[in-house]
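For reference, my_file15.json (JSON, C-alpha atoms):
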```json
[["chain", "number", "residue", "atom", "x", "y", "z"],
["X", 1, "MET", "CA", -8.11, -17.36, 11.31],
["X", 2, "GLY", "CA", -5.40, -18.86, 13.46],
["X", 3, "GLU", "CA", -3.35, -16.89, 15.91],
["X", 4, "HIS", "CA", 0.33, -17.55, 16.46],
["X", 5, "PRO", "CA", 1.56, -15.11, 19.10],
["X", 6, "GLY", "CA", 5.07, -16.45, 19.26],
["X", 7, "GLY", "CA", 6.03, -17.75, 15.95],
["X", 8, "ASP", "CA", 5.93, -17.15, 12.26],
["X", 9, "ALA", "CA", 7.34, -13.64, 12.06],
["X", 10, "ALA", "CA", 10.52, -14.76, 13.79],
["X", 11, "GLU", "CA", 11.30, -17.58, 11.39],
["X", 12, "GLY", "CA", 13.10, -15.36, 8.89],
["X", 13, "GLY", "CA", 11.30, -16.35, 5.68],
["X", 14, "ARG", "CA", 9.49, -13.83, 3.50],
["X", 15, "GLN", "CA", 5.85, -13.27, 4.39],
["X", 16, "ARG", "CA", 2.93, -11.35, 2.87],
["X", 17, "LEU", "CA", 1.58, -9.12, 5.66],
["X", 18, "PHE", "CA", -1.07, -6.50, 6.35],
["X", 19, "ILE", "CA", -2.52, -4.71, 9.37],
["X", 20, "GLY", "CA", -6.29, -4.69, 9.79],
["X", 21, "VAL", "CA", -9.24, -4.26, 12.12],
["X", 22, "PRO", "CA", -11.29, -7.47, 12.45],
["X", 23, "LEU", "CA", -15.04, -7.45, 11.84],
["X", 24, "PRO", "CA", -17.07, -7.39, 15.08],
["X", 25, "GLU", "CA", -19.13, -10.57, 15.34],
["X", 26, "ASP", "CA", -22.40, -8.66, 15.69],
["X", 27, "LEU", "CA", -21.95, -7.20, 12.18],
["X", 28, "LEU", "CA", -21.70, -10.55, 10.40],
["X", 29, "ASP", "CA", -25.46, -10.79, 9.77],
["X", 30, "LEU", "CA", -25.51, -7.30, 8.23],
["X", 31, "VAL", "CA", -22.59, -8.23, 5.96],
["X", 32, "ARG", "CA", -24.30, -11.45, 4.87],
["X", 33, "ARG", "CA", -27.50, -9.58, 4.03],
["X", 34, "ALA", "CA", -25.50, -7.02, 2.05],
["X", 35, "GLN", "CA", -23.71, -9.78, 0.15],
["X", 36, "HIS", "CA", -26.99, -11.57, -0.61],
["X", 37, "SER", "CA", -28.41, -8.33, -2.05],
["X", 38, "LEU", "CA", -25.71, -8.26, -4.75],
["X", 39, "PRO", "CA", -26.81, -9.41, -8.22],
["X", 40, "PRO", "CA", -25.69, -12.95, -9.12],
["X", 41, "SER", "CA", -22.68, -12.97, -11.42],
["X", 42, "THR", "CA", -20.05, -15.54, -12.34],
["X", 43, "GLY", "CA", -17.42, -12.81, -11.99],
["X", 44, "LEU", "CA", -18.48, -11.74, -8.49],
["X", 45, "ARG", "CA", -16.61, -13.39, -5.61],
["X", 46, "LEU", "CA", -17.91, -12.87, -2.07],
["X", 47, "VAL", "CA", -15.42, -12.37, 0.74],
["X", 48, "ARG", "CA", -15.60, -15.23, 3.24],
["X", 49, "PRO", "CA", -16.48, -14.48, 6.88],
["X", 50, "ASP", "CA", -12.96, -15.40, 8.04],
["X", 51, "GLN", "CA", -11.50, -12.82, 5.63],
["X", 52, "LEU", "CA", -13.60, -9.81, 6.66],
["X", 53, "HIS", "CA", -11.60, -6.87, 8.04],
["X", 54, "VAL", "CA", -10.81, -3.21, 7.45],
["X", 55, "THR", "CA", -7.28, -2.81, 6.11],
["X", 56, "LEU", "CA", -5.13, -0.15, 7.78],
["X", 57, "ALA", "CA", -1.88, -0.96, 5.97],
["X", 58, "PHE", "CA", -1.07, -3.46, 3.24],
["X", 59, "ILE", "CA", 2.59, -4.17, 3.90],
["X", 60, "GLY", "CA", 3.17, -6.76, 1.19],
["X", 61, "GLU", "CA", 5.93, -9.34, 1.10],
["X", 62, "VAL", "CA", 8.71, -8.67, 3.60],
["X", 63, "ASP", "CA", 11.59, -10.48, 5.27],
["X", 64, "GLY", "CA", 11.72, -11.65, 8.88],
["X", 65, "ALA", "CA", 13.27, -8.47, 10.25],
["X", 66, "LYS", "CA", 10.54, -6.27, 8.80],
["X", 67, "ALA", "CA", 7.90, -8.75, 9.94],
["X", 68, "GLU", "CA", 9.21, -8.44, 13.50],
["X", 69, "ALA", "CA", 9.19, -4.65, 13.20],
["X", 70, "ALA", "CA", 5.56, -4.77, 12.03],
["X", 71, "ARG", "CA", 4.68, -7.02, 14.95],
["X", 72, "ALA", "CA", 6.20, -4.48, 17.36],
["X", 73, "VAL", "CA", 4.17, -1.67, 15.78],
["X", 74, "VAL", "CA", 0.92, -3.55, 16.42],
["X", 75, "GLU", "CA", 1.84, -4.76, 19.91],
["X", 76, "THR", "CA", 2.78, -1.25, 21.07],
["X", 77, "LEU", "CA", -0.36, 0.53, 19.86],
["X", 78, "PRO", "CA", -1.71, 2.69, 22.73],
["X", 79, "ALA", "CA", -4.53, 1.03, 24.65],
["X", 80, "GLY", "CA", -6.96, 3.93, 24.29],
["X", 81, "LEU", "CA", -7.36, 3.79, 20.52],
["X", 82, "GLY", "CA", -10.61, 1.83, 20.46],
["X", 83, "GLY", "CA", -13.92, 3.40, 19.54],
["X", 84, "THR", "CA", -16.74, 3.23, 17.01],
["X", 85, "ALA", "CA", -17.37, 4.18, 13.40],
["X", 86, "ASP", "CA", -20.58, 3.68, 11.40],
["X", 87, "VAL", "CA", -21.39, 1.43, 8.46],
["X", 88, "THR", "CA", -23.36, 3.80, 6.22],
["X", 89, "GLY", "CA", -23.89, 2.10, 2.84],
["X", 90, "PHE", "CA", -22.38, 0.46, -0.20],
["X", 91, "LEU", "CA", -19.17, 1.79, -1.71],
["X", 92, "MET", "CA", -17.95, 0.74, -5.16],
["X", 93, "LEU", "CA", -14.20, 1.06, -5.75],
["X", 94, "PRO", "CA", -12.48, 2.57, -7.61],
["X", 95, "SER", "CA", -15.76, 3.93, -9.09],
["X", 96, "ALA", "CA", -19.42, 3.01, -9.47],
["X", 97, "ARG", "CA", -19.06, 2.51, -13.24],
["X", 98, "ARG", "CA", -15.91, 0.37, -13.10],
["X", 99, "ALA", "CA", -16.08, -1.33, -9.74],
["X", 100, "ARG", "CA", -13.49, -3.95, -8.87],
["X", 101, "VAL", "CA", -14.45, -4.03, -5.21],
["X", 102, "VAL", "CA", -17.82, -3.92, -3.47],
["X", 103, "ALA", "CA", -17.38, -2.51, 0.02],
["X", 104, "LEU", "CA", -19.33, -1.08, 2.92],
["X", 105, "GLU", "CA", -18.37, 2.51, 3.63],
["X", 106, "LEU", "CA", -17.40, 3.53, 7.15],
["X", 107, "THR", "CA", -18.18, 7.02, 8.40],
["X", 108, "ASP", "CA", -15.40, 7.76, 10.86],
["X", 109, "ARG", "CA", -16.85, 10.71, 12.82],
["X", 110, "GLU", "CA", -14.70, 10.02, 15.89],
["X", 111, "ARG", "CA", -11.62, 9.54, 13.66],
["X", 112, "VAL", "CA", -11.03, 6.14, 15.26],
["X", 113, "PHE", "CA", -9.86, 4.50, 12.03],
["X", 114, "ALA", "CA", -7.96, 7.63, 10.99],
["X", 115, "GLY", "CA", -6.10, 7.66, 14.30],
["X", 116, "LEU", "CA", -5.24, 3.98, 14.06],
["X", 117, "PHE", "CA", -4.06, 4.43, 10.49],
["X", 118, "GLU", "CA", -1.74, 7.28, 11.47],
["X", 119, "ARG", "CA", -0.31, 5.36, 14.44],
["X", 120, "ALA", "CA", 0.21, 2.15, 12.47],
["X", 121, "MET", "CA", 1.54, 3.78, 9.33],
["X", 122, "GLY", "CA", 3.74, 6.17, 11.28],
["X", 123, "GLY", "CA", 5.26, 3.22, 13.13],
["X", 124, "LEU", "CA", 5.80, 1.22, 9.94],
["X", 125, "GLU", "CA", 7.47, 4.18, 8.24],
["X", 126, "ALA", "CA", 9.67, 4.93, 11.25],
["X", 127, "ALA", "CA", 10.81, 1.27, 11.24],
["X", 128, "ALA", "CA", 11.46, 1.40, 7.47],
["X", 129, "VAL", "CA", 8.93, -1.39, 6.86],
["X", 130, "MET", "CA", 6.99, 0.51, 4.18],
["X", 131, "VAL", "CA", 6.00, 3.95, 2.88],
["X", 132, "ARG", "CA", 2.36, 5.02, 2.65],
["X", 133, "GLU", "CA", 0.60, 5.41, -0.69],
["X", 134, "GLY", "CA", -0.14, 8.84, -2.13],
["X", 135, "ARG", "CA", -3.92, 8.43, -2.02],
["X", 136, "PRO", "CA", -5.73, 9.33, 1.21],
["X", 137, "PHE", "CA", -6.84, 6.61, 3.62],
["X", 138, "ARG", "CA", -10.55, 5.77, 3.29],
["X", 139, "PRO", "CA", -11.82, 3.14, 5.75],
["X", 140, "HIS", "CA", -14.05, 0.50, 4.15],
["X", 141, "LEU", "CA", -15.00, -3.14, 4.56],
["X", 142, "THR", "CA", -14.57, -5.17, 1.37],
["X", 143, "ILE", "CA", -17.40, -7.71, 0.97],
["X", 144, "ALA", "CA", -16.96, -8.82, -2.67],
["X", 145, "ARG", "CA", -14.58, -8.56, -5.62],
["X", 146, "LEU", "CA", -15.18, -8.59, -9.36],
["X", 147, "LYS", "CA", -13.03, -10.37, -11.95],
["X", 148, "VAL", "CA", -14.10, -7.88, -14.63],
["X", 149, "PRO", "CA", -14.65, -4.24, -13.59],
["X", 150, "GLY", "CA", -18.17, -2.92, -14.11],
["X", 151, "PRO", "CA", -21.26, -1.46, -12.44],
["X", 152, "VAL", "CA", -22.94, -3.33, -9.58],
["X", 153, "GLN", "CA", -26.50, -2.56, -8.53],
["X", 154, "PRO", "CA", -27.47, -4.07, -5.14],
["X", 155, "ARG", "CA", -31.10, -5.13, -4.81],
["X", 156, "ALA", "CA", -31.44, -3.49, -1.37],
["X", 157, "GLU", "CA", -29.71, -1.00, 0.90],
["X", 158, "SER", "CA", -26.86, -2.37, 3.01],
["X", 159, "GLY", "CA", -28.26, -1.19, 6.31],
["X", 160, "ARG", "CA", -26.54, 1.00, 8.90],
["X", 161, "ALA", "CA", -24.83, -0.12, 12.10],
["X", 162, "PRO", "CA", -21.95, 0.80, 14.43],
["X", 163, "TYR", "CA", -18.56, -0.81, 13.78],
["X", 164, "ALA", "CA", -16.80, -1.29, 17.12],
["X", 165, "VAL", "CA", -13.01, -1.15, 16.94],
["X", 166, "GLU", "CA", -11.99, -3.65, 19.60],
["X", 167, "SER", "CA", -8.64, -4.84, 18.26],
["X", 168, "VAL", "CA", -6.04, -4.44, 15.54],
["X", 169, "CYS", "CA", -4.16, -7.39, 14.07],
["X", 170, "LEU", "CA", -1.04, -8.10, 12.08],
["X", 171, "TYR", "CA", -2.09, -10.73, 9.55],
["X", 172, "LYS", "CA", -0.10, -13.07, 7.36],
["X", 173, "SER", "CA", -1.80, -13.80, 4.05],
["X", 174, "GLU", "CA", -1.25, -17.26, 2.59],
["X", 175, "LEU", "CA", -2.45, -17.55, -1.00],
["X", 176, "LYS", "CA", -4.24, -20.85, -1.57],
["X", 177, "ARG", "CA", -6.08, -22.30, -4.57],
["X", 178, "GLU", "CA", -9.37, -21.89, -2.70],
["X", 179, "GLY", "CA", -8.53, -18.29, -1.77],
["X", 180, "ALA", "CA", -6.39, -16.40, 0.70],
["X", 181, "ARG", "CA", -6.04, -17.62, 4.28],
["X", 182, "TYR", "CA", -5.33, -15.00, 6.94],
["X", 183, "ILE", "CA", -3.33, -15.90, 10.04],
["X", 184, "VAL", "CA", -3.10, -13.52, 13.01],
["X", 185, "LEU", "CA", 0.54, -12.99, 14.03],
["X", 186, "ALA", "CA", -0.01, -10.23, 16.59],
["X", 187, "ARG", "CA", -2.98, -8.45, 18.14],
["X", 188, "ALA", "CA", -3.58, -5.28, 20.15],
["X", 189, "THR", "CA", -6.89, -5.42, 22.02],
["X", 190, "PHE", "CA", -8.71, -2.33, 23.30],
["X", 191, "ASP", "CA", -11.41, -1.65, 25.84],
["X", 192, "ARG", "CA", -13.33, 1.05, 23.98],
["X", 193, "LYS", "CA", -15.23, 2.13, 27.12],
["X", 194, "SER", "CA", -12.36, 2.70, 29.53],
["X", 195, "GLY", "CA", -9.41, 2.82, 27.12],
["X", 196, "THR", "CA", -7.51, 0.05, 28.86],
["X", 197, "THR", "CA", -5.96, -3.06, 27.38],
["X", 198, "VAL", "CA", -7.97, -6.20, 27.95]]
```
Structure translated into structure tokens:
Amino acid sequence: MGEHPGGDAAEGGRQRLFIGVPLPEDLLDLVRRAQHSLPPSTGLRLVRPDQLHVTLAFIGEVDGAKAEAARAVVETLPAGLGGTADVTGFLMLPSARRARVVALELTDRERVFAGLFERAMGGLEAAAVMVREGRPFRPHLTIARLKVPGPVQPRAESGRAPYAVESVCLYKSELKREGARYIVLARATFDRKSGTTV
């Protein structure tokens, strides 16, 4: 993932954007083990390491003005919003019988992700960038997608581990033949121990 702190959002062209929480590096091994426990299937596509994140808001395709507004929402997130949630197991979405997405569920006891979602979505709505969906926010980490919906039975448990929320990013998604490429346009970084910006 590249990071372009000064540029793309200001260029005025339409961009496909979302806000997400990057995967902490120390969770990559757990994710790889979880992916390797999935049954082999030609219709199952694993999410690449550079694509792993928890989505807070999928903004979609917007013009330059809305992109700049989204950047401001991320860059003005309060510094004390870091914290920790827990990876607690596999989650099949929208259902176990007709899964399109294989994810790892996050138990958000401290409401870290919930608080970030409310701040980010509230800012996006106030700036008329987007309106939230009707369904409730459920934090999860997508690790694979299925071309044809159906049941997925992992060969082992996913494992449990803390998910440290250290930053939030505004990403641009570029759709390529080999898959989507995510570029960081803006980032808010937190110190989860003292609540100060790094």
Excluding Ala180 (chain X) and residues on its chain fewer than 4 positions from it, collect all residues at most 10 Å away from it, counting all atoms listed in the file, and give them as an mmCIF file with C-alpha atoms, in the coordinates of the input.
```cif
data_model
loop_
_atom_site.group_PDB
_atom_site.id
_atom_site.type_symbol
_atom_site.label_atom_id
_atom_site.label_comp_id
_atom_site.auth_asym_id
_atom_site.auth_seq_id
_atom_site.Cartn_x
_atom_site.Cartn_y
_atom_site.Cartn_z
ATOM 1 C CA VAL X 47 -15.420 -12.370 0.740
ATOM 2 C CA ARG X 48 -15.600 -15.230 3.240
ATOM 3 C CA ASP X 50 -12.960 -15.400 8.040
ATOM 4 C CA GLN X 51 -11.500 -12.820 5.630
ATOM 5 C CA LYS X 172 -0.100 -13.070 7.360
ATOM 6 C CA SER X 173 -1.800 -13.800 4.050
ATOM 7 C CA GLU X 174 -1.250 -17.260 2.590
ATOM 8 C CA LEU X 175 -2.450 -17.550 -1.000
ATOM 9 C CA LYS X 176 -4.240 -20.850 -1.570
#
```
Please identify all polymer residues within 8 Å of Val54 (chain X), counting only C-alpha atoms, omitting same-chain residues fewer than 3 positions from it, and present them as a ChimeraX atom specification.
/X:20-23,139-142
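Take the candidates X:Phe190, X:Tyr163, X:Phe18, X:Phe90 and check each one against Glu61 (chain X) using only C-alpha atoms; the shortest distance goes to X:Phe18.
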Val31 (chain X): which residues within 9 Å, counting all atoms listed in the file, same-chain residues fewer than 5 positions away excluded, as a PDB file with C-alpha atoms, in the coordinates of the input?
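out_8.pdb, written as the output of this step:
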```pdb
ATOM      1  CA  HIS X  36     -26.990 -11.570  -0.610  1.00  0.00           C
ATOM      2  CA  PRO X  49     -16.480 -14.480   6.880  1.00  0.00           C
ATOM      3  CA  LEU X 104     -19.330  -1.080   2.920  1.00  0.00           C
ATOM      4  CA  ILE X 143     -17.400  -7.710   0.970  1.00  0.00           C
ATOM      5  CA  SER X 158     -26.860  -2.370   3.010  1.00  0.00           C
TER       6      SER X 158
END
```
Exercise: residues within 6 Å of coordinate (0.1, -11.3, 9.4), counting all atoms listed in the file, as a PyMOL selection string
chain X and resi 17-18+170-172+183-185
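In terms of minimum interatomic distance to Ala65 (chain X), X:Gly13 ranks closest within X:Val148, X:Ala114, X:Gly13, X:Ala164, counting all atoms listed in the file.
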Using all atoms listed in the file and a cutoff of 12 Å, can you tell me which residues are near (-26.4, -6.1, -9.6) in the file's coordinates, and write them out as a PyMOL selection string?
chain X and resi 34-44+92+96-97+99+102+146+150-156
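Nearest to Gly89 (chain X) of all the residues X:Gly122, X:Gly179, X:Gly159, X:Gly64 is X:Gly159, based on only C-alpha atoms.
The closest residue to Phe117 (chain X), picked from X:Leu30, X:Lys147, X:Leu56, X:Thr189 and counting only C-alpha atoms, is X:Leu56.
Residues in contact with Ala69 (chain X) at up to 10 Å, not including ones fewer than 3 positions away on its chain and judged by all atoms listed in the file, are Ala9, Gly64, Ala65, Lys66, Ala72, Val73, Val74, Glu75, Gly123, Leu124, Ala126, Ala127, Ala128 and Val129 of chain X.
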Between X:Asp29, X:Thr55, X:Ala79, X:Thr88, which has the minimum distance to Arg160 (chain X) (counting all atoms listed in the file)?
X:Thr88
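Relative to CA of Met130 (chain X), CA of Glu118 (chain X) is found at 13.2 Å.
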The distance between CA of Arg187 (chain X) and CA of Gly60 (chain X) is 18.1 Å
Since the input has fewer atoms than a full residue there, write region 152-163 of chain X out with N, CA and C atoms, as a PDB file, in the frame of the given file.
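New file result34.pdb:
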```pdb
ATOM      1  N   VAL X 152     -22.241  -2.364 -10.426  1.00  0.00           N
ATOM      2  CA  VAL X 152     -22.940  -3.330  -9.580  1.00  0.00           C
ATOM      3  C   VAL X 152     -24.121  -2.609  -8.949  1.00  0.00           C
ATOM      4  N   GLN X 153     -25.304  -3.176  -9.093  1.00  0.00           N
ATOM      5  CA  GLN X 153     -26.500  -2.560  -8.530  1.00  0.00           C
ATOM      6  C   GLN X 153     -27.120  -3.484  -7.482  1.00  0.00           C
ATOM      7  N   PRO X 154     -26.851  -3.248  -6.192  1.00  0.00           N
ATOM      8  CA  PRO X 154     -27.470  -4.070  -5.140  1.00  0.00           C
ATOM      9  C   PRO X 154     -28.989  -3.993  -5.199  1.00  0.00           C
ATOM     10  N   ARG X 155     -29.645  -5.070  -4.777  1.00  0.00           N
ATOM     11  CA  ARG X 155     -31.100  -5.130  -4.810  1.00  0.00           C
ATOM     12  C   ARG X 155     -31.730  -4.475  -3.584  1.00  0.00           C
ATOM     13  N   ALA X 156     -30.937  -4.131  -2.588  1.00  0.00           N
ATOM     14  CA  ALA X 156     -31.440  -3.490  -1.370  1.00  0.00           C
ATOM     15  C   ALA X 156     -30.331  -2.657  -0.757  1.00  0.00           C
ATOM     16  N   GLU X 157     -30.703  -1.768   0.164  1.00  0.00           N
ATOM     17  CA  GLU X 157     -29.710  -1.000   0.900  1.00  0.00           C
ATOM     18  C   GLU X 157     -28.914  -1.928   1.817  1.00  0.00           C
ATOM     19  N   SER X 158     -27.720  -1.520   2.177  1.00  0.00           N
ATOM     20  CA  SER X 158     -26.860  -2.370   3.010  1.00  0.00           C
ATOM     21  C   SER X 158     -27.294  -2.395   4.465  1.00  0.00           C
ATOM     22  N   GLY X 159     -27.971  -1.339   4.896  1.00  0.00           N
ATOM     23  CA  GLY X 159     -28.260  -1.190   6.310  1.00  0.00           C
ATOM     24  C   GLY X 159     -27.175  -0.347   6.979  1.00  0.00           C
ATOM     25  N   ARG X 160     -27.483   0.163   8.146  1.00  0.00           N
ATOM     26  CA  ARG X 160     -26.540   1.000   8.900  1.00  0.00           C
ATOM     27  C   ARG X 160     -26.351   0.379  10.278  1.00  0.00           C
ATOM     28  N   ALA X 161     -25.125   0.462  10.786  1.00  0.00           N
ATOM     29  CA  ALA X 161     -24.830  -0.120  12.100  1.00  0.00           C
ATOM     30  C   ALA X 161     -23.487   0.404  12.582  1.00  0.00           C
ATOM     31  N   PRO X 162     -23.259   0.414  13.905  1.00  0.00           N
ATOM     32  CA  PRO X 162     -21.950   0.800  14.430  1.00  0.00           C
ATOM     33  C   PRO X 162     -20.918  -0.302  14.221  1.00  0.00           C
ATOM     34  N   TYR X 163     -19.695   0.107  13.940  1.00  0.00           N
ATOM     35  CA  TYR X 163     -18.560  -0.810  13.780  1.00  0.00           C
ATOM     36  C   TYR X 163     -17.620  -0.554  14.957  1.00  0.00           C
TER      37      TYR X 163
END
```
